[in-house]
Amino acid sequence: MFSLKQNCWFIKKVVIWRAVASIAWSVLLLPVTTAVFVLLSRFSLFHPIQWISECTSLLTASTTIFTLVVLCGVVLMIGFFNLEFYTLVPSIRCSRMSLLGTVLHPRQCVHSLVYCTMGMLVMWCASVTIGGRYSTLGTPCRQSESGEFVTCLNEYHLFLLLAGAFMGYSHSFLGVVQNMYYVSFQPIQQYKYPRFKGSLPAVVKGSVIQSLYSARNFAALYFFFGYVPKTWIASTLNLQIDSSLQPLDSLTGLLDFSLLYHLAISGTFLYLTWYLTVLLFRIYVTEAYSFPVQSTFTEDAEQCLPKVLTEKNTSVMKFLALQDLALLSQHSLSRRREVFSLSQPGGHPHNWNAISKECLSLLSELTQRLVAHQDAVASNGRVKSQSASIDIRSASSSSSGTEDILETPRLSVPLRTPGSVFKSSVGGAHSALTAPFTPDVDSPFSSPAIRRLVGQQNPHSPWFGTVQSPHVMRRGPKLWSASTESQTNGSPLASPATIPSPPAANQKPSFLTQWMQNRREQLPEASSQALFADSQAHIWALQGLSHLVAASFSEDQFGVVQTTLPSILSCLVVLLEAVDRHFKLPHASSKPARTICSMGDSTYKTLRFALRAALKTAIYKITTTFGEHLNAVNISSEHRKRLQQFLEFKE
Amino acid sequence: SLSLSLSLRRDAGLYGLLDEITCSADEVPRCLSVGSACLLALLRWASSFHGSLFPHLTLSRDEMVAEFSQMLDWSDGALRSFAWHPHTDKFAVALLDDSIKIYKSHSVTSPTLKHRCQRSVCALQWKPLCGSALAVACQSCLLIWHVEPTSLSTRPSSGCAQVLSHPGHSPITSLAWSPTGSLLVSASPVDTAMMVWDVAAESCVPLQRVGGGGVTYLSWSPDGSRLLAATPSALFRVWETRMWTCERWPCLKGSCQSACWSPDGGCLLLSIQGERLVYALTFSDLTGGPKAATVVADLSETSFPGPDGELTVGGEVCSLSWDPRGERLAVLLKGDSVADNHPSVIAVFKTRSVPVFELLPCGFVMGEAGAEPRFMQFHPHFQHGALLTVCWSDGRISHVPFYFSSAGLLGES
């Protein structure tokens with residue numbers, strides 16, 4: 001059921017252990033964060049000695065040990081979720097509708113539910129630790145008429161529990177919106193401890209800010225709707241509501257400084273433990289891994305760099321292999337020698353051939369993707385504005401190295417039913433570079449644009465042919481709304497395209513359709529982001545290739561690189577032309593607004609700029625190293641002209 | 001009184017306001033004046049404590065830039081910074097009016113770069129392996145200009161500039177591109193972290209080390225394996241750029257003033273503020289790094305017979321520059337402005353690093369009467385030897401060629 005059942009050696013031997021180590025560290029950090037939380041929660045300025053002694057006695061109490069055990073469970077669960085859902089290629093929703101679809105997806109609902117529960121657990125621990133009026137759900141109180149003691153609902157406790165559920169949900173929600181599970185690689189290598197230390201202030205700041213936001217939103221929500229859960233819990237658990245106390249869903253009840261302070265620091269505690277787990281996981285999983293270039297034993301051959309690079313199904317291994325290639329090409333003379341070496345016996349440059357072939361196929365696949373996108377835009381100018389939903393799926397399915405995707409316009413965008421909630425995406429023929437860890441998020445909301453993108457048109461689709469009628473254009477969103485409804489009703493459809501479309505003539509644009517049209521037309525930049533979503537791999541391939549080629553100028557004894565130099569150069573120039581054309585499209589060169597202080601990583605938004613810079617640098621690296629010798633390389637005259645521009649530093 | 005105080009608050013900051021309230025004790029309530037007096041005393045005590053640890057923090061931003069700029073007497077000179085392009089015959093000059101001019105050989109157009117964030121330019125550097133990108137260290141931010149080499153425009157719009165900033169990281173006094181052009185490091189004397197930028201992605205990684213109180217000067221070794229980071233205190237660091245760990249180098253006397261790397265990145269020459277010596281650190285992967293810096297040159301005052309009488313040469317080493325082939329070393333020696341026959345000069349040495357490091361005196365470069373050298377840099381790829389470009393105090397820039405046939409090439413052939 002879960003995609004952890006990978007039979008790849010790398011997942012078993014490396015990734016799992018890295019995840020385990022990161023979770024272990026998160027668990028070890030729990031007592032520290034708990035101690036800080038205890039100190040802050042009991043803080044009293046005027047009785048410092050009493051404060052310290054109370055805290056020390058509390059830290060050794062059995063309840064604290066028990067809450068630590070519960071928190072360990074929560075951290076284990078979060079760590080497991082990180083391992084299960086992390087992705088190296090972000091899923092970019094190209095319209096608000098598809099974003100909405102993701103949020104309402106049953107799997108996402110279950111995910112949110114689990115997070116709500118974990119949030120409540122953490123908040124329960126926090127309220128027990130704070131003690132005092134927060135400690136239990138039921139408190140004895142005196143009934144006003146009869147004067148006898150009954151158990152009343154402790155609204156303070158309930159308030160914190162609900163806040164935990166709210167924070168859990170908003171964490172899960174923001175996880176989708178901000179791509180919380182996206183793991184990006186740093187531009188520089190650092191050891192794990194300095195990296196952790198360096199990112200710690202940002203994480204603390206982020207969790208404080210997030211907690212304050214959540215506390216504000218939750219207080220507002222509770223003010224308006226707080227009576228619903230209060231009366232419900234009271235009636236289910238048969239608890240009285242203490243009428244002598246000020247209810248919390250009133251202005252005077254909420255404007256309690258101590259309550260808000262405790263809410264804020266408990267929220268910070270909650271977010272901090274979760275964010276630390278995420279941070280440690282990211283640090284561990286992106287740590288560089290050194291693959292051997294060649295091995296003397298044949299049984300280890302599948303663990304060597306040339307073999308690992310061609311791997312399609314394990315994106316994490318592929319990414320780390322490409323990173324390792326980029327690093328070895330820059331830093332390691334001895335490993336470069338192995339790359340340039342010849343096989344014994346036979347004298348074939350197997351290592352170099354395999355590595356260069358894989359890098360080139362990655363790059364030419366990106367070129368084809370860009371060209372296909374440009375063709376789609378050129379042939380139908382509306383593709384961007386109408387249904388700008390080049391889903392990452394199309395990118396990922398083509399990034400599986402199937403270079404023939406354009407020649408054979410078969411469509412491998414299987415629109416799956418989201419029947420099973422944690423449906424594993426492994427095993428399908430389409431499972432691509434991104435598959436094992438990319439949450440499968442898009443199924444019922446894929447748009448026909450994908451099919452248009454890859455050149456196939458579904459005859460059942462209303463988009464068949466070049467439809468120009470405004471009625472049909474308006475009808476598109478109706479389909480979407482239909483599919484949304486069916487989705488939320490729990491009877492998912494295989495594809496929105498198979499919905500029988502009502503006749504166009506009697507369609508009137510309703511307010512809802514117009515609103516939805518409006519929603520769908522937004523996020524124009526996203527299609528450009530989606531095209532370059534996995535470009536970190538291409539950047540490494542470019543760096544690795546260019547540095548190896550440059551190093552071959554002095555280190556390649558047998559001239560193994562010379563034979564592939566023409567194809568490398570023309571591949572780079574063709575890619576450069578495609579990238580240049582892409583940046584001429586509207587919105588492609590607009591910079592995204594910078595987001596600060598959030599745990600979600602937004603580096604994917606600028607990957608296309610990074611790719612363009614890396615591409616130019618790679619070509620410059622080769623041209624400056626080879627200089628006039630490039631004139632002896634056999635390439636076409638247009639490419640030579642372009643390279644001449646680089647030789648003269650006119651790019 | 002209140003409006004006066006508020007206007008003071010604007011002009012003189014919190015200090016001025018507190019000072020005013022304390023002084024006008026008969027106009028304001030007594031508790032207010034006593035409170036402000038106490039607060040003022042506390043603030044002064046704290047800042048004197050902090051300032052005694054790191055005196056540079058008491059400087060204003062402009063003073064700080066002037067103090068740590070590689071251009072000597074930065075505040076009153078017509079030229080504020082200078083940078084050769086690493087691959088072509090093109091250089092950029094920052095002027096007193098905060099504009100930057102780009103001059104190219106065989107080209108009549110010289111583009112002028114202006115941007116509203118471009119104030120107090122302290123350093124310039126062209127991106128290696130790129131034809132167009134120029135990084136500019138400004139008072140408040142880092143600007144990356146993309147000046148199309150083929151464009152005929154004389155006034156590129158500010159849309160061509162990328163603004164990079166990070167809270168608490170200004171003024172920026174130094175920057176260094178990695179030789180592969182993939183990373184840019186920036187430093188500020190008030191920020192203990194230096195920023196490693198991925199410029200295209202506009203993301204940065206802070207590398208924090210608390211000791212030293214800031215970072216003033218950065219220099220990347222030509223082979224890309226090490227990065228020197230000088231601090232305002234008597235301490236500098238040498239980072240290795242693979243895993244980004246650093247070695248601490250405490251100095252005895254002052255802070256590191258200037259430094260230059262040998263072409264292979266194995267040797268670092270540096271000068272300490274107020275000293276007349278040139279130190280060398282030799283890095284090698286075999287021995288695991290140097291243990292102590294060695295003195296390679298003593299440049300105390302010496303008398304030479306000049307064209308009109310005795311000439312005293314020598315003094316504090318202000319700037320060092322090593323030509324890209326590693327055969328000529330230029331050392332800027334500060335003169336005595338009071339004495340007549342003791343001008344600032346550039347001493348040029350022939351250098352050799354194998355089999356042992358050697359410095360042989362070669363000659364002096366002096367300006368016209370009254371002009372003092374402020375900055376110097378070797379042309380990165382002069383065909384016939386070495387070309388030293390010197391910025392003078394009268395606003396001139398002169399190129400001093402050294403024609404020689406390379407010893408390394410002779411040895412190879």
# chains A, B, ... in the order shown; residues from 1 in each chain; ligands from 1
>>> closest_atom_pairs(of="chain A", to="chain B", cutoff="10 Å", atoms="only C-alpha atoms", output="tab-separated table")
residue	atom	partner	partner_atom	distance
A:Gln186	CA	B:Val205	CA	7.9
A:Pro187	CA	B:Asp198	CA	6.5
A:Ile188	CA	B:Met243	CA	7.6
A:Gln189	CA	B:Met243	CA	5.1
A:Gln190	CA	B:Met243	CA	4.7
A:Tyr191	CA	B:Met243	CA	6.4
A:Pro194	CA	B:Leu207	CA	8.7
A:Arg195	CA	B:Leu207	CA	8.8
A:Lys197	CA	B:Gln208	CA	9.2
A:Gly198	CA	B:Leu207	CA	7.0
A:Ser199	CA	B:Pro206	CA	8.6
A:Leu327	CA	B:Arg242	CA	8.8
A:Gln330	CA	B:Thr180	CA	9.4
A:His331	CA	B:Arg242	CA	7.5
A:Gln543	CA	B:Ser182	CA	9.5
A:His547	CA	B:Thr180	CA	9.4
A:Lys591	CA	B:Ala201	CA	9.8
A:Arg594	CA	B:Glu202	CA	9.0
A:Ser602	CA	B:Ser203	CA	9.5
A:Thr603	CA	B:Ala201	CA	6.8
A:Tyr604	CA	B:Ala201	CA	8.6
A:Lys605	CA	B:Ala201	CA	8.2
A:Thr606	CA	B:Ala201	CA	4.9
A:Leu607	CA	B:Ala201	CA	6.3
A:Arg608	CA	B:Ala201	CA	8.3
A:Phe609	CA	B:Ala200	CA	5.4
A:Ala610	CA	B:Ala200	CA	4.7
A:Leu611	CA	B:Ala200	CA	8.3
A:Arg612	CA	B:Ala200	CA	8.3
A:Ala613	CA	B:Ala200	CA	6.4
A:Ala614	CA	B:Ser182	CA	7.4
A:Lys616	CA	B:Cys130	CA	7.3
A:Thr617	CA	B:Leu129	CA	5.6
A:Ala618	CA	B:Leu129	CA	8.3
A:Ile619	CA	B:Leu129	CA	8.7
A:Tyr620	CA	B:Leu129	CA	5.4
A:Lys621	CA	B:Leu129	CA	6.3
A:Ile622	CA	B:Leu129	CA	9.6
A:Thr623	CA	B:Leu129	CA	9.4
A:Thr624	CA	B:Leu129	CA	7.8
A:Gln645	CA	B:Gly131	CA	9.8
A:Phe646	CA	B:Gly131	CA	8.1
A:Leu647	CA	B:His87	CA	9.8
A:Glu648	CA	B:Thr88	CA	7.9
A:Phe649	CA	B:Gly131	CA	4.8
A:Lys650	CA	B:Pro149	CA	5.3
A:Glu651	CA	B:Gly131	CA	5.7
>>> residues_around(residues="Leu245 in chain A", least_positions_apart="2", cutoff="12 Å", atoms="only C-alpha atoms", output="ChimeraX atom specification")
/A:141-144,152-156,241-243,247-250,252-253
>>> select_by_dssp(residues="range 26-102 of chain A", states="helix (DSSP H, G or I)", output="NGL selection string")
:A and (26-41 or 48-59 or 62-85 or 96-102)
>>> residues_around(residues="Pro324 in chain B", least_positions_apart="2", cutoff="12 Å", atoms="only C-alpha atoms", output="PyMOL selection string")
chain B and resi 86-87+221-223+260-265+321-322+326-330+351+377-383+385-388+406
>>> residues_around(residues="Ser332 in chain A", least_positions_apart="6", cutoff="12 Å", atoms="only C-alpha atoms", output="PDB file with N, CA, C and O atoms, in the first residue's frame")
ATOM      1  N   SER A 290      28.590   9.512  -2.326  1.00  0.00           N
ATOM      2  CA  SER A 290      29.639   9.274  -3.303  1.00  0.00           C
ATOM      3  C   SER A 290      29.477   7.883  -3.911  1.00  0.00           C
ATOM      4  O   SER A 290      29.658   6.874  -3.235  1.00  0.00           O
ATOM      5  N   VAL A 293      32.851   5.176  -9.303  1.00  0.00           N
ATOM      6  CA  VAL A 293      32.750   5.320 -10.755  1.00  0.00           C
ATOM      7  C   VAL A 293      32.791   3.959 -11.429  1.00  0.00           C
ATOM      8  O   VAL A 293      32.046   3.675 -12.349  1.00  0.00           O
ATOM      9  N   ASP A 324      26.532  13.966  -7.442  1.00  0.00           N
ATOM     10  CA  ASP A 324      27.861  13.407  -7.259  1.00  0.00           C
ATOM     11  C   ASP A 324      28.704  13.621  -8.510  1.00  0.00           C
ATOM     12  O   ASP A 324      29.887  13.947  -8.430  1.00  0.00           O
ATOM     13  N   LEU A 325      28.065  13.484  -9.666  1.00  0.00           N
ATOM     14  CA  LEU A 325      28.787  13.708 -10.924  1.00  0.00           C
ATOM     15  C   LEU A 325      29.287  15.148 -10.989  1.00  0.00           C
ATOM     16  O   LEU A 325      30.451  15.412 -11.341  1.00  0.00           O
ATOM     17  N   ALA A 326      28.397  16.102 -10.638  1.00  0.00           N
ATOM     18  CA  ALA A 326      28.800  17.510 -10.677  1.00  0.00           C
ATOM     19  C   ALA A 326      29.947  17.765  -9.710  1.00  0.00           C
ATOM     20  O   ALA A 326      30.881  18.508 -10.020  1.00  0.00           O
ATOM     21  N   GLU A 338      39.086   8.103 -13.467  1.00  0.00           N
ATOM     22  CA  GLU A 338      38.336   6.865 -13.666  1.00  0.00           C
ATOM     23  C   GLU A 338      37.283   7.034 -14.753  1.00  0.00           C
ATOM     24  O   GLU A 338      37.020   6.129 -15.527  1.00  0.00           O
ATOM     25  N   VAL A 339      36.681   8.224 -14.793  1.00  0.00           N
ATOM     26  CA  VAL A 339      35.667   8.466 -15.821  1.00  0.00           C
ATOM     27  C   VAL A 339      36.291   8.391 -17.201  1.00  0.00           C
ATOM     28  O   VAL A 339      35.726   7.812 -18.134  1.00  0.00           O
ATOM     29  N   GLY A 544      28.257  18.915 -14.589  1.00  0.00           N
ATOM     30  CA  GLY A 544      29.101  17.739 -14.688  1.00  0.00           C
ATOM     31  C   GLY A 544      29.718  17.626 -16.068  1.00  0.00           C
ATOM     32  O   GLY A 544      30.941  17.474 -16.209  1.00  0.00           O
ATOM     33  N   HIS A 547      32.290  20.569 -16.836  1.00  0.00           N
ATOM     34  CA  HIS A 547      33.562  20.468 -16.125  1.00  0.00           C
ATOM     35  C   HIS A 547      34.368  19.268 -16.576  1.00  0.00           C
ATOM     36  O   HIS A 547      35.596  19.334 -16.652  1.00  0.00           O
ATOM     37  N   LEU A 548      33.678  18.166 -16.881  1.00  0.00           N
ATOM     38  CA  LEU A 548      34.417  16.999 -17.370  1.00  0.00           C
ATOM     39  C   LEU A 548      35.051  17.300 -18.715  1.00  0.00           C
ATOM     40  O   LEU A 548      36.213  16.964 -18.960  1.00  0.00           O
ATOM     41  N   ALA A 551      37.931  19.536 -18.164  1.00  0.00           N
ATOM     42  CA  ALA A 551      39.055  18.827 -17.556  1.00  0.00           C
ATOM     43  C   ALA A 551      39.708  17.904 -18.572  1.00  0.00           C
ATOM     44  O   ALA A 551      40.925  17.669 -18.516  1.00  0.00           O
ATOM     45  N   GLU A 555      43.389  16.351 -19.022  1.00  0.00           N
ATOM     46  CA  GLU A 555      43.481  15.094 -18.273  1.00  0.00           C
ATOM     47  C   GLU A 555      43.120  13.854 -19.081  1.00  0.00           C
ATOM     48  O   GLU A 555      43.403  12.747 -18.661  1.00  0.00           O
TER      49      GLU A 555
ATOM     50  N   SER B 225      39.522  26.729  -4.895  1.00  0.00           N
ATOM     51  CA  SER B 225      39.445  25.792  -3.778  1.00  0.00           C
ATOM     52  C   SER B 225      39.396  26.487  -2.421  1.00  0.00           C
ATOM     53  O   SER B 225      38.968  25.887  -1.450  1.00  0.00           O
ATOM     54  N   ARG B 242      34.954  23.290  -0.592  1.00  0.00           N
ATOM     55  CA  ARG B 242      34.273  22.052  -0.944  1.00  0.00           C
ATOM     56  C   ARG B 242      33.182  21.734   0.080  1.00  0.00           C
ATOM     57  O   ARG B 242      32.032  21.554  -0.273  1.00  0.00           O
TER      58      ARG B 242
END
>>> select_by_dssp(residues="range 1-178 of chain B", states="strand (DSSP E or B)", output="ChimeraX atom specification")
/B:79-84,90-95,100-104,112-113,123-126,133-137,142-146,161-164,174-177
>>> residues_around(residues="Ser344 in chain B", least_positions_apart="2", cutoff="9 Å", atoms="only C-alpha atoms", output="list in words")
Val313, Gly314, Gly315, Leu332, Leu333, Lys334, Gly335, Asp336, Ser337, His342, Ile346, Met366, Gly367, Ala371, Glu372 and Pro373 of chain B
>>> residues_around(residues="range 262-265 of chain A", least_positions_apart="2", cutoff="7 Å", atoms="only C-alpha atoms", output="count of residues only")
11
>>> closest_residue(among="A:Phe223, A:Trp232, A:Tyr284, A:Tyr193", to="Trp17 in chain A", atoms="only C-alpha atoms")
A:Tyr284
>>> closest_residue(among="B:Cys23, B:Val163, B:Val65, B:Ala297", to="Val136 in chain B", atoms="only C-alpha atoms")
B:Val163
>>> closest_residue(among="B:Gln125, B:Ser69, B:Thr192, B:Ser255", to="Thr173 in chain B", atoms="only C-alpha atoms")
B:Ser69
>>> atom_distance(atom1="CA of Val177 in chain A", atom2="CA of Ala588 in chain A")
21.0 Å
>>> residues_around(residues="range 89-94 of chain B", least_positions_apart="4", cutoff="8 Å", atoms="only C-alpha atoms", output="ChimeraX atom specification")
/B:79-85,98-105,121,124
>>> write_last_selection(atoms="all heavy atoms", output="compact mmCIF listing (two decimals), in the first residue's frame")
# COMPACT_ATOMS: atom_id res chain seq x y z
N LEU B 79 37.35 58.26 -8.16
CA LEU B 79 37.08 56.87 -8.52
C LEU B 79 36.79 56.08 -7.25
O LEU B 79 37.48 56.22 -6.26
CB LEU B 79 38.29 56.26 -9.23
CG LEU B 79 38.82 57.04 -10.42
CD1 LEU B 79 40.11 56.44 -10.91
CD2 LEU B 79 37.79 57.05 -11.52
N ARG B 80 35.78 55.25 -7.32
CA ARG B 80 35.41 54.51 -6.10
C ARG B 80 35.68 53.03 -6.20
O ARG B 80 35.85 52.36 -5.21
CB ARG B 80 33.94 54.74 -5.81
CG ARG B 80 33.68 56.20 -5.50
CD ARG B 80 32.62 56.34 -4.50
NE ARG B 80 32.95 57.33 -3.53
CZ ARG B 80 32.03 57.87 -2.72
NH1 ARG B 80 30.78 57.51 -2.81
NH2 ARG B 80 32.38 58.74 -1.82
N SER B 81 35.67 52.51 -7.40
CA SER B 81 36.01 51.11 -7.56
C SER B 81 36.33 50.84 -9.02
O SER B 81 35.95 51.63 -9.89
CB SER B 81 34.87 50.22 -7.08
OG SER B 81 35.32 48.89 -7.01
N PHE B 82 37.01 49.76 -9.24
CA PHE B 82 37.47 49.45 -10.59
C PHE B 82 37.50 47.94 -10.75
O PHE B 82 37.82 47.21 -9.81
CB PHE B 82 38.88 50.02 -10.78
CG PHE B 82 39.52 49.65 -12.08
CD1 PHE B 82 39.37 50.47 -13.17
CD2 PHE B 82 40.24 48.47 -12.21
CE1 PHE B 82 39.94 50.13 -14.38
CE2 PHE B 82 40.80 48.12 -13.43
CZ PHE B 82 40.66 48.95 -14.52
N ALA B 83 37.13 47.44 -11.94
CA ALA B 83 37.22 46.00 -12.16
C ALA B 83 37.42 45.68 -13.63
O ALA B 83 36.67 46.18 -14.48
CB ALA B 83 35.96 45.30 -11.66
N TRP B 84 38.45 44.90 -13.93
CA TRP B 84 38.63 44.35 -15.27
C TRP B 84 37.67 43.19 -15.47
O TRP B 84 37.42 42.42 -14.54
CB TRP B 84 40.05 43.81 -15.45
CG TRP B 84 41.08 44.79 -15.88
CD1 TRP B 84 42.10 45.27 -15.13
CD2 TRP B 84 41.21 45.37 -17.17
NE1 TRP B 84 42.85 46.13 -15.87
CE2 TRP B 84 42.32 46.22 -17.14
CE3 TRP B 84 40.48 45.28 -18.36
CZ2 TRP B 84 42.74 46.96 -18.24
CZ3 TRP B 84 40.90 46.02 -19.46
CH2 TRP B 84 42.01 46.85 -19.40
N HIS B 85 37.21 43.03 -16.71
CA HIS B 85 36.47 41.80 -17.04
C HIS B 85 37.48 40.66 -17.11
O HIS B 85 38.58 40.84 -17.64
CB HIS B 85 35.75 41.97 -18.37
CG HIS B 85 34.79 40.87 -18.66
ND1 HIS B 85 35.20 39.69 -19.24
CD2 HIS B 85 33.47 40.75 -18.41
CE1 HIS B 85 34.14 38.89 -19.35
NE2 HIS B 85 33.08 39.50 -18.85
N ASP B 98 28.18 57.89 -7.85
CA ASP B 98 27.49 56.60 -7.74
C ASP B 98 27.07 56.01 -9.07
O ASP B 98 26.24 55.10 -9.11
CB ASP B 98 26.25 56.69 -6.83
CG ASP B 98 26.63 56.92 -5.39
OD1 ASP B 98 27.71 56.48 -5.00
OD2 ASP B 98 25.85 57.56 -4.67
N SER B 99 27.60 56.52 -10.15
CA SER B 99 27.33 55.87 -11.43
C SER B 99 28.51 54.96 -11.76
O SER B 99 29.60 55.10 -11.21
CB SER B 99 27.13 56.90 -12.53
OG SER B 99 28.33 57.59 -12.74
N ILE B 100 28.24 54.02 -12.66
CA ILE B 100 29.30 53.10 -13.08
C ILE B 100 29.45 53.23 -14.58
O ILE B 100 28.44 53.25 -15.31
CB ILE B 100 28.94 51.65 -12.70
CG1 ILE B 100 28.93 51.49 -11.19
CG2 ILE B 100 29.92 50.67 -13.31
CD1 ILE B 100 28.46 50.16 -10.72
N LYS B 101 30.67 53.35 -15.04
CA LYS B 101 30.92 53.44 -16.48
C LYS B 101 31.63 52.18 -16.92
O LYS B 101 32.48 51.64 -16.21
CB LYS B 101 31.78 54.65 -16.79
CG LYS B 101 31.01 55.95 -16.72
CD LYS B 101 31.48 56.90 -17.80
CE LYS B 101 30.38 57.83 -18.23
NZ LYS B 101 30.23 57.98 -19.64
N ILE B 102 31.27 51.72 -18.12
CA ILE B 102 31.90 50.52 -18.66
C ILE B 102 32.64 50.92 -19.93
O ILE B 102 32.05 51.53 -20.83
CB ILE B 102 30.85 49.44 -18.96
CG1 ILE B 102 30.22 48.97 -17.66
CG2 ILE B 102 31.48 48.27 -19.69
CD1 ILE B 102 29.06 48.07 -17.85
N TYR B 103 33.91 50.63 -19.98
CA TYR B 103 34.73 50.95 -21.15
C TYR B 103 35.17 49.66 -21.80
O TYR B 103 35.59 48.73 -21.13
CB TYR B 103 35.95 51.77 -20.75
CG TYR B 103 35.59 53.12 -20.19
CD1 TYR B 103 35.46 53.32 -18.82
CD2 TYR B 103 35.38 54.20 -21.03
CE1 TYR B 103 35.12 54.55 -18.30
CE2 TYR B 103 35.04 55.44 -20.52
CZ TYR B 103 34.91 55.61 -19.16
OH TYR B 103 34.57 56.83 -18.66
N LYS B 104 35.08 49.64 -23.15
CA LYS B 104 35.51 48.47 -23.90
C LYS B 104 36.53 48.91 -24.92
O LYS B 104 36.46 50.04 -25.43
CB LYS B 104 34.31 47.87 -24.66
CG LYS B 104 33.47 46.93 -23.84
CD LYS B 104 32.30 46.44 -24.66
CE LYS B 104 31.14 47.39 -24.56
NZ LYS B 104 29.92 46.88 -25.17
N SER B 105 37.45 48.02 -25.23
CA SER B 105 38.38 48.36 -26.30
C SER B 105 37.62 48.25 -27.62
O SER B 105 36.67 47.47 -27.75
CB SER B 105 39.56 47.39 -26.29
OG SER B 105 39.10 46.10 -26.59
N VAL B 121 29.17 52.84 -3.76
CA VAL B 121 29.69 51.61 -4.35
C VAL B 121 31.07 51.31 -3.77
O VAL B 121 31.94 52.17 -3.77
CB VAL B 121 29.76 51.72 -5.87
CG1 VAL B 121 30.39 50.49 -6.47
CG2 VAL B 121 28.39 51.96 -6.44
N LEU B 124 33.37 46.15 -7.09
CA LEU B 124 32.80 45.70 -8.36
C LEU B 124 33.47 44.40 -8.73
O LEU B 124 34.65 44.22 -8.45
CB LEU B 124 33.13 46.70 -9.48
CG LEU B 124 32.57 48.09 -9.47
CD1 LEU B 124 33.19 48.85 -10.61
CD2 LEU B 124 31.07 48.03 -9.66
>>> closest_residue(among="A:Asn217, A:Ser590, A:Gln240, A:Thr314", to="Thr151 in chain A", atoms="only C-alpha atoms")
A:Gln240
>>> decode(residues="range 304-312 of chain B", atoms="N, CA, C and O atoms", output="mmCIF file, in the first residue's frame")
data_model
loop_
_atom_site.group_PDB
_atom_site.id
_atom_site.type_symbol
_atom_site.label_atom_id
_atom_site.label_comp_id
_atom_site.auth_asym_id
_atom_site.auth_seq_id
_atom_site.Cartn_x
_atom_site.Cartn_y
_atom_site.Cartn_z
ATOM 1 N N PHE B 304 66.589 56.045 -1.797
ATOM 2 C CA PHE B 304 67.100 55.789 -3.145
ATOM 3 C C PHE B 304 67.467 57.127 -3.762
ATOM 4 O O PHE B 304 66.802 58.132 -3.496
ATOM 5 N N PRO B 305 68.498 57.135 -4.585
ATOM 6 C CA PRO B 305 68.761 58.377 -5.312
ATOM 7 C C PRO B 305 67.717 58.567 -6.411
ATOM 8 O O PRO B 305 67.547 57.707 -7.270
ATOM 9 N N GLY B 306 66.966 59.661 -6.335
ATOM 10 C CA GLY B 306 65.936 59.930 -7.333
ATOM 11 C C GLY B 306 66.429 60.946 -8.326
ATOM 12 O O GLY B 306 67.588 61.389 -8.262
ATOM 13 N N PRO B 307 65.595 61.338 -9.288
ATOM 14 C CA PRO B 307 65.989 62.344 -10.279
ATOM 15 C C PRO B 307 66.287 63.696 -9.635
ATOM 16 O O PRO B 307 67.214 64.384 -10.052
ATOM 17 N N ASP B 308 65.523 64.077 -8.609
ATOM 18 C CA ASP B 308 65.850 65.329 -7.924
ATOM 19 C C ASP B 308 66.040 65.057 -6.442
ATOM 20 O O ASP B 308 65.158 65.283 -5.623
ATOM 21 N N GLY B 309 67.163 64.531 -6.128
ATOM 22 C CA GLY B 309 67.540 64.325 -4.736
ATOM 23 C C GLY B 309 67.150 62.959 -4.206
ATOM 24 O O GLY B 309 66.627 62.102 -4.930
ATOM 25 N N GLU B 310 67.390 62.797 -2.923
ATOM 26 C CA GLU B 310 67.095 61.537 -2.255
ATOM 27 C C GLU B 310 65.598 61.283 -2.230
ATOM 28 O O GLU B 310 64.799 62.204 -2.119
ATOM 29 N N LEU B 311 65.222 60.034 -2.340
ATOM 30 C CA LEU B 311 63.813 59.665 -2.313
ATOM 31 C C LEU B 311 63.637 58.551 -1.296
ATOM 32 O O LEU B 311 64.383 57.561 -1.326
ATOM 33 N N THR B 312 62.698 58.743 -0.387
ATOM 34 C CA THR B 312 62.457 57.695 0.589
ATOM 35 C C THR B 312 61.288 56.839 0.094
ATOM 36 O O THR B 312 60.249 57.363 -0.285
#
